[in-house]
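Reproduced below: data_15.pdb, with PDB, C-alpha atoms.
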ATOM      1  CA  MET O   1     105.907 101.541 106.773
ATOM      2  CA  ARG O   2     104.063 104.849 106.794
ATOM      3  CA  ALA O   3     101.316 104.813 109.417
ATOM      4  CA  TYR O   4      98.748 107.480 110.198
ATOM      5  CA  VAL O   5      97.934 108.041 113.869
ATOM      6  CA  PRO O   6      94.609 109.775 114.603
ATOM      7  CA  LEU O   7      94.689 112.382 117.375
ATOM      8  CA  THR O   8      92.988 115.498 118.671
ATOM      9  CA  LEU O   9      94.748 118.801 119.298
ATOM     10  CA  ALA O  10      94.948 117.846 122.976
ATOM     11  CA  GLY O  11      96.586 114.547 122.001
ATOM     12  CA  LEU O  12      99.028 116.387 119.758
ATOM     13  CA  ALA O  13      99.876 118.771 122.604
ATOM     14  CA  GLN O  14     100.541 115.816 124.892
ATOM     15  CA  ALA O  15     102.746 114.135 122.267
ATOM     16  CA  HIS O  16     104.643 117.379 121.680
ATOM     17  CA  LYS O  17     105.282 117.808 125.409
ATOM     18  CA  ALA O  18     106.378 114.166 125.827
ATOM     19  CA  GLY O  19     108.377 114.089 122.592
ATOM     20  CA  GLU O  20     106.598 110.920 121.540
ATOM     21  CA  LEU O  21     103.310 109.392 120.512
ATOM     22  CA  GLY O  22     102.426 106.836 123.102
ATOM     23  CA  PRO O  23     102.592 104.843 125.158
ATOM     24  CA  GLY O  24     101.813 101.915 122.908
ATOM     25  CA  PRO O  25      99.978 100.187 121.612
ATOM     26  CA  LEU O  26      98.742 102.931 119.292
ATOM     27  CA  THR O  27      95.893 102.559 116.834
ATOM     28  CA  ALA O  28      96.931 103.776 113.402
ATOM     29  CA  TYR O  29      96.053 103.263 109.743
ATOM     30  CA  ALA O  30      98.352 102.055 106.991
ATOM     31  CA  VAL O  31      98.381 100.378 103.610
ATOM     32  CA  THR O  32      97.457  96.832 104.597
ATOM     33  CA  PRO O  33      96.362  93.919 102.407
ATOM     34  CA  ALA O  34      92.775  94.551 103.522
ATOM     35  CA  LEU O  35      93.026  98.223 102.523
ATOM     36  CA  ARG O  36      94.455  97.254  99.129
ATOM     37  CA  GLU O  37      91.548  94.876  98.565
ATOM     38  CA  TRP O  38      88.953  97.396  99.785
ATOM     39  CA  TYR O  39      90.336 100.319  97.768
ATOM     40  CA  VAL O  40      91.188  98.225  94.678
ATOM     41  CA  SER O  41      94.212 100.200  93.561
ATOM     42  CA  ASP O  42      97.902  99.544  93.050
ATOM     43  CA  ASP O  43      98.857 103.223  93.228
ATOM     44  CA  ILE O  44     100.730 103.634  96.532
ATOM     45  CA  GLU O  45      99.931 107.349  96.754
ATOM     46  CA  GLU O  46      96.207 106.645  96.396
ATOM     47  CA  LEU O  47      96.448 103.874  98.984
ATOM     48  CA  GLU O  48      98.295 106.099 101.454
ATOM     49  CA  TYR O  49      95.686 108.819 100.899
ATOM     50  CA  ALA O  50      92.977 106.241 101.674
ATOM     51  CA  ALA O  51      94.813 105.283 104.894
ATOM     52  CA  LEU O  52      95.108 108.982 105.813
ATOM     53  CA  ASN O  53      91.359 109.401 105.307
ATOM     54  CA  ARG O  54      90.662 106.358 107.495
ATOM     55  CA  ALA O  55      92.768 107.995 110.210
ATOM     56  CA  ALA O  56      90.883 111.288 109.737
ATOM     57  CA  SER O  57      87.618 109.395 110.318
ATOM     58  CA  ALA O  58      89.104 107.872 113.468
ATOM     59  CA  SER O  59      90.146 111.350 114.622
ATOM     60  CA  LEU O  60      86.538 112.468 114.162
ATOM     61  CA  ARG O  61      85.490 109.605 116.457
ATOM     62  CA  LEU O  62      87.991 110.824 119.061
ATOM     63  CA  LEU O  63      86.449 114.305 118.816
ATOM     64  CA  ALA O  64      82.952 112.879 119.225
ATOM     65  CA  GLY O  65      84.091 111.142 122.403
ATOM     66  CA  ASP O  66      85.587 114.296 123.923
ATOM     67  CA  PRO O  67      83.358 117.362 123.504
ATOM     68  CA  GLY O  68      85.849 119.560 125.366
ATOM     69  CA  VAL O  69      88.625 119.500 122.749
ATOM     70  CA  PRO O  70      88.913 121.879 119.783
ATOM     71  CA  ARG O  71      87.043 120.542 116.765
ATOM     72  CA  ARG O  72      89.918 119.882 114.371
ATOM     73  CA  ARG O  73      90.867 116.459 113.091
ATOM     74  CA  ILE O  74      94.564 115.717 113.568
ATOM     75  CA  VAL O  75      96.567 112.895 111.980
ATOM     76  CA  VAL O  76     100.293 112.347 112.505
ATOM     77  CA  ALA O  77     102.130 110.466 109.757
ATOM     78  CA  VAL O  78     104.941 108.340 111.191
ATOM     79  CA  ASP O  79     107.418 105.905 109.743
ATOM     80  CA  VAL O  80     107.736 102.657 111.680
ATOM     81  CA  ALA O  81     109.261  99.278 110.999
ATOM     82  CA  ASP O  82     106.812  96.824 109.450
ATOM     83  CA  LYS O  83     107.259  94.505 112.430
ATOM     84  CA  ASP O  84     106.100  97.308 114.755
ATOM     85  CA  ALA O  85     102.743  97.828 112.983
ATOM     86  CA  VAL O  86     100.644  94.708 113.216
ATOM     87  CA  THR O  87      97.225  93.955 111.856
ATOM     88  CA  ASP O  88      94.642  91.983 113.762
ATOM     89  CA  PRO O  89      93.193  89.307 111.460
ATOM     90  CA  ASP O  90      89.865  89.578 113.281
ATOM     91  CA  LEU O  91      89.614  93.235 112.239
ATOM     92  CA  GLY O  92      89.251  92.137 108.618
ATOM     93  CA  LEU O  93      85.665  91.193 109.398
ATOM     94  CA  ASP O  94      84.752  94.781 110.308
ATOM     95  CA  PRO O  95      84.574  97.165 107.311
ATOM     96  CA  GLY O  96      85.167 100.087 109.673
ATOM     97  CA  SER O  97      88.624  98.782 110.546
ATOM     98  CA  VAL O  98      90.051  98.470 107.033
ATOM     99  CA  GLY O  99      93.675  99.571 107.149
ATOM    100  CA  GLU O 100      93.810  99.586 110.944
ATOM    101  CA  VAL O 101      97.079  98.565 112.578
ATOM    102  CA  ARG O 102      98.477  98.545 116.094
ATOM    103  CA  ILE O 103     101.857 100.136 116.642
ATOM    104  CA  THR O 104     103.363  98.116 119.442
ATOM    105  CA  GLY O 105     105.241 100.852 121.285
ATOM    106  CA  ALA O 106     105.664 104.572 121.634
ATOM    107  CA  VAL O 107     106.947 106.422 118.563
ATOM    108  CA  PRO O 108     109.381 109.324 118.998
ATOM    109  CA  LEU O 109     107.893 112.480 117.509
ATOM    110  CA  ALA O 110     111.207 112.838 115.672
ATOM    111  CA  LYS O 111     110.053 109.900 113.501
ATOM    112  CA  ALA O 112     106.965 111.821 112.403
ATOM    113  CA  ALA O 113     106.995 112.734 108.734
ATOM    114  CA  ALA O 114     104.171 115.276 108.937
ATOM    115  CA  VAL O 115     101.074 116.424 110.754
ATOM    116  CA  HIS O 116      97.776 116.695 108.916
ATOM    117  CA  ALA O 117      95.114 118.990 110.382
ATOM    118  CA  ASP O 118      91.860 120.668 109.512
ATOM    119  CA  ALA O 119      91.975 124.326 108.550
ATOM    120  CA  ASP O 120      90.154 126.739 110.846
ATOM    121  CA  ASP O 121      87.304 127.061 108.340
ATOM    122  CA  ALA O 122      86.463 123.354 108.762
ATOM    123  CA  GLU O 123      85.539 123.767 112.434
ATOM    124  CA  ALA O 124      81.780 124.220 111.946
ATOM    125  CA  ASP O 125      81.469 121.171 109.680
ATOM    126  CA  VAL O 126      83.731 119.033 111.880
ATOM    127  CA  THR O 127      81.749 120.057 114.975
ATOM    128  CA  ALA O 128      78.472 119.144 113.271
ATOM    129  CA  ALA O 129      79.938 115.839 112.068
ATOM    130  CA  ALA O 130      81.204 114.908 115.536
ATOM    131  CA  ASP O 131      77.767 115.708 116.971
ATOM    132  CA  ALA O 132      76.008 113.630 114.283
ATOM    133  CA  LEU O 133      78.312 110.621 114.393
ATOM    134  CA  GLY O 134      76.233 108.579 116.841
ATOM    135  CA  ALA O 135      73.057 108.976 114.793
ATOM    136  CA  ALA O 136      74.962 108.197 111.584
ATOM    137  CA  ASP O 137      76.231 104.985 113.167
ATOM    138  CA  GLN O 138      72.618 104.053 113.860
ATOM    139  CA  GLY O 139      71.740 104.407 110.169
ATOM    140  CA  ASP O 140      70.357 107.961 110.074
ATOM    141  CA  ASP O 141      70.925 109.106 106.473
ATOM    142  CA  ASP O 142      70.650 112.808 107.314
ATOM    143  CA  ALA O 143      73.275 112.423 110.044
ATOM    144  CA  GLN O 144      75.515 110.490 107.645
ATOM    145  CA  PHE O 145      75.228 113.393 105.193
ATOM    146  CA  VAL O 146      76.468 115.733 107.948
ATOM    147  CA  VAL O 147      79.357 113.382 108.785
ATOM    148  CA  ASP O 148      80.276 113.190 105.104
ATOM    149  CA  GLY O 149      80.392 116.997 105.069
ATOM    150  CA  ALA O 150      83.511 116.921 107.233
ATOM    151  CA  GLU O 151      85.196 114.735 104.631
ATOM    152  CA  ASP O 152      84.743 117.545 102.101
ATOM    153  CA  HIS O 153      87.524 119.353 103.951
ATOM    154  CA  GLU O 154      91.000 118.206 102.988
ATOM    155  CA  LEU O 155      93.457 117.972 105.845
ATOM    156  CA  LEU O 156      96.317 120.419 105.497
ATOM    157  CA  TRP O 157      99.960 119.305 105.624
ATOM    158  CA  PHE O 158     102.274 120.676 108.308
ATOM    159  CA  GLY O 159     105.892 119.928 109.033
ATOM    160  CA  VAL O 160     106.697 118.587 112.499
ATOM    161  CA  GLN O 161     108.494 121.846 113.283
ATOM    162  CA  GLU O 162     105.126 123.621 112.843
ATOM    163  CA  ILE O 163     103.460 121.769 115.743
ATOM    164  CA  PRO O 164     103.904 124.688 118.189
ATOM    165  CA  GLY O 165     102.021 126.937 115.738
ATOM    166  CA  LEU O 166      99.206 124.406 115.431
ATOM    167  CA  LEU O 167      98.899 124.262 119.191
ATOM    168  CA  GLY O 168      98.811 128.051 119.184
TER     169      GLY O 168
END
Take the structure in this file and express it as structure tokens.
Amino acid sequence: MRAYVPLTLAGLAQAHKAGELGPGPLTAYAVTPALREWYVSDDIEELEYAALNRAASASLRLLAGDPGVPRRRIVVAVDVADKDAVTDPDLGLDPGSVGEVRITGAVPLAKAAAVHADADDAEADVTAAADALGAADQGDDDAQFVVDGAEDHELLWFGVQEIPGLLG
């Protein structure tokens, strides 16, 4: 199963140094039955893109919780055995958790398929979105508009061997 693990640049640096994402359990996003129902598509590429975007939103939440890290959303795509990525049936009641899975243990970075990251030119919008997230969660439409602005930036694809360059 392809799973998308949301991180920050600091989290990516830690994973790179350790050689693994972890320790587990890790929160990730994948094509789950709930995601299929929510997205209403049978196209696996579209479903995986939806899971990637869910992980990008979770990365934004990590940024909002840590003002000291660089303002770039980071998502690591990993391949794990289906048995190692479990869904919590109670999460199905929360629309914000669609596609969320728990990876039971650490994942060697060698199992990563790719890293997805914001381009440098997204920093201002991602910063504003992270700052506005709390108000958006409280129903502020203007803040939600700012948060949605970060989603206008597509995450770029990087090979795992390019992690040192991302960490710069």
Handout entry: Explicit residue set for the PyMOL selection byres ((chain O and resi 23) around 10), as a PyMOL selection string
Key = chain O and resi 15+20-22+24-26+103-107
Exercise for the section: Could you tell me which of O:Glu45, O:Glu100, O:Asp84, O:Asp79 comes closest to Tyr29 in chain O if we count only C-alpha atoms? Expected result: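 Distance minimum relative to Tyr29 in chain O lands on O:Glu100.
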Exercise for the section: List the neighbours of range 148-155 of chain O out to 7 Å using all atoms listed in the file; skip same-chain residues closer than 6 positions along the sequence, and give me the result as a list in words. Expected result: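 These residues fall inside the cut-off: His116, Ala117, Asp118, Ala122, Asp125, Val126 and Ala129 of chain O.
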Practice task
Kindly indicate which residue among O:Ala81, O:Ala130, O:Val101, O:Ala124 lies nearest to Leu60 in chain O, using all atoms listed in the file for the distances.
Solution key: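 Between O:Ala81, O:Ala130, O:Val101, O:Ala124, the residue approaching Leu60 in chain O most closely is O:Ala130.
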Problem - Residues returned when the PyMOL selection byres ((chain O and resi 65) around 12) runs on this file, as a list in words - result: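 Listing what the PyMOL selection byres ((chain O and resi 65) around 12) selects in the shown file: Leu7, Thr8, Ala58, Ser59, Leu60, Arg61, Leu62, Leu63, Ala64, Asp66, Pro67, Gly68, Val69, Arg71, Thr127, Ala130, Asp131, Ala132, Leu133 and Gly134 of chain O.
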Problem - Among the residues O:Leu156, O:Leu52, O:Val80, O:Ala10, the one that comes closest to Val31 in chain O [using all atoms listed in the file] - result: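 Distance minimum relative to Val31 in chain O lands on O:Leu52.
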Exercise for the section: I would like the residues chosen by the PyMOL selection byres ((chain O and resi 30) around 9) on the shown file; could you give them as a PyMOL selection string? Expected result: chain O and resi 1-4+28-29+31-32+35+47-48+50-52+54-55+85+99-101
Resulting file, chosen residues, C-alpha atoms, as a short mmCIF file (atom, residue, chain, number, x, y, z; two decimals), in the frame of the given file:
data_model
loop_
_atom_site.label_atom_id
_atom_site.label_comp_id
_atom_site.auth_asym_id
_atom_site.auth_seq_id
_atom_site.Cartn_x
_atom_site.Cartn_y
_atom_site.Cartn_z
CA MET O 1 105.91 101.54 106.77
CA ARG O 2 104.06 104.85 106.79
CA ALA O 3 101.32 104.81 109.42
CA TYR O 4 98.75 107.48 110.20
CA ALA O 28 96.93 103.78 113.40
CA TYR O 29 96.05 103.26 109.74
CA VAL O 31 98.38 100.38 103.61
CA THR O 32 97.46 96.83 104.60
CA LEU O 35 93.03 98.22 102.52
CA LEU O 47 96.45 103.87 98.98
CA GLU O 48 98.30 106.10 101.45
CA ALA O 50 92.98 106.24 101.67
CA ALA O 51 94.81 105.28 104.89
CA LEU O 52 95.11 108.98 105.81
CA ARG O 54 90.66 106.36 107.50
CA ALA O 55 92.77 108.00 110.21
CA ALA O 85 102.74 97.83 112.98
CA GLY O 99 93.68 99.57 107.15
CA GLU O 100 93.81 99.59 110.94
CA VAL O 101 97.08 98.56 112.58
#
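Picture a line from CA of Gln14 in chain O to CA of Leu109 in chain O; it runs 10.9 Å.
CA of Ser41 in chain O sits 25.9 Å away from CA of Phe145 in chain O.
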Completion exercise
Here CA of Leu9 in chain O and CA of Val98 in chain O stand apart by 24.2 Å
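With all atoms listed in the file as the basis for measurement, O:Ala77 is the residue among O:Gly168, O:Asp140, O:Ala77, O:Ala110 that approaches Tyr49 in chain O most closely.
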Exercise for the section: Kindly indicate which residue among O:Val86, O:Val78, O:Ala34, O:Ala136 lies nearest to Pro108 in chain O, using only C-alpha atoms for the distances. Expected result: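 Closest to Pro108 in chain O, using only C-alpha atoms: O:Val78.
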Exercise for the section: Using all atoms listed in the file, give me every residue within 6 Å of (94.1, 111.9, 111.2) in file coordinates, as a list in words. Expected result: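 Nearby residues: Pro6, Ala55, Ala56, Ser59, Arg73, Ile74 and Val75 of chain O.
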